[in-house]
2 protein chains.
Amino acid sequence: MRHLLIGELARRTGIRPSALRYYEEVGILPLPARVSGRRCYNPDAIHRVDVLRFAQQAGFTLQEIKTLFHGFGVQTPLSARWKSLARGKLRELDVLANRVQRMRRALELGLKCGCVRIEDCSLSPADIPETNGPFPRSRRARS
Amino acid sequence: MRHLLIGELARRTGIRPSALRYYEEVGILPLPARVSGRRCYNPDAIHRVDVLRFAQQAGFTLQEIKTLFHGFGVQTPLSARWKSLARGKLRELDVLANRVQRMRRALELGLKCGCVRIEDCSLSPADIPETNGPFPRSRRARS
DNA sequence: GTACATATTCAAGTTAACTTGAGGTCAAGG
DNA sequence: CCTTGACCTCAAGTTAACTTGAATATGTAC
């Protein structure tokens, strides 16, 4: 199997053609060869898309992934770029995990304590985490 | 300090007036008293907004928060409806916590990968976590 | 009384990450 | 030759959670 058409790449990666075209449009995937107008992908493309999705699932935005793929200047190895971004993401994940725990406690408390109005809610301002910057958005899993 | 104008509430909570009006518009915050057209908030409003933001930081959508808040206000203390919702949210939080753990593992795995070019990346598709529903969305931190 | 900050409403714009739809091309199969 | 299916482009739509802007009103300070 020498080349893949977009449909084949979509099947192999689980990513819809429209999304693949979109990744190309925003400059994350390189322009593939064309044969009579159709995109003709090298098999490497599968791996590239896999890595892209991996990063996305780990909470990176497409902009971050773009930076990861070809930002930071040419000579910096991918691993260095990845590490810098990944460490930041790990910190963000810790913040999120913390929020989740706090919310759990609050909900459990709410189930127990029986406050009837929100004003009586036992959450104290001290329980409320600071706004610690953005968290990645992602679409629903494909239908 | 008896009442707060919207700007004061904004200052106290860190939430911009436009967002506060929005919350009111979608029915999360109750309509405050008006004095010559201006919103005149009870100091309780600060706590209400704090709780709202707390829930939001933990990954609740505004729609869910609306339901939760109205659950708090229902005549019957801790209505069955509220309990059911809260338990559902607890389960969702568990799922989210789980996902965060998987993302952590994925990131740590990625940190170990020493690839220089994407083509050399040793990440395999098996390392890629499954898509298990949406990731919590939140707006960028206010400018 | 005039300037100024702050308030009001309403409509339209923003962002991310795509999807959907209209309208058209192209090679292969019957 | 005609249909079918996969492909193409480009524009517009989707969703959540707001923001921004325009036009207008109001209370306070000087």
# chains A, B, ... in the order shown; residues from 1 in each chain; ligands from 1
call {"tool": "interface_residues", "arguments": {"of": "chain C", "to": "chain A", "cutoff": "9 Å", "atoms": "only C-alpha atoms (C1' of nucleotides)", "output": "PyMOL selection string"}}
result
chain C and resi 16-19+25-26
call {"tool": "residues_around", "arguments": {"residues": "DT20 in chain D", "least_positions_apart": "6", "cutoff": "10 Å", "atoms": "only C-alpha atoms (C1' of nucleotides)", "output": "PyMOL selection string"}}
result
(chain B and resi 18) or (chain C and resi 12-14)
call {"tool": "interface_residues", "arguments": {"of": "chain D", "to": "chain B", "cutoff": "9 Å", "atoms": "only C-alpha atoms (C1' of nucleotides)", "output": "list in words"}}
result
DA16, DA17, DC18, DT19, DA25 and DT26 of chain D
call {"tool": "atom_distance", "arguments": {"atom1": "CA of Leu68 in chain B", "atom2": "CA of Val95 in chain A"}}
result
23.3 Å
call {"tool": "closest_residue", "arguments": {"among": "B:Phe60, B:Asp94, B:Ala106, B:Asn42", "to": "Arg2 in chain B", "atoms": "only C-alpha atoms"}}
result
B:Asn42
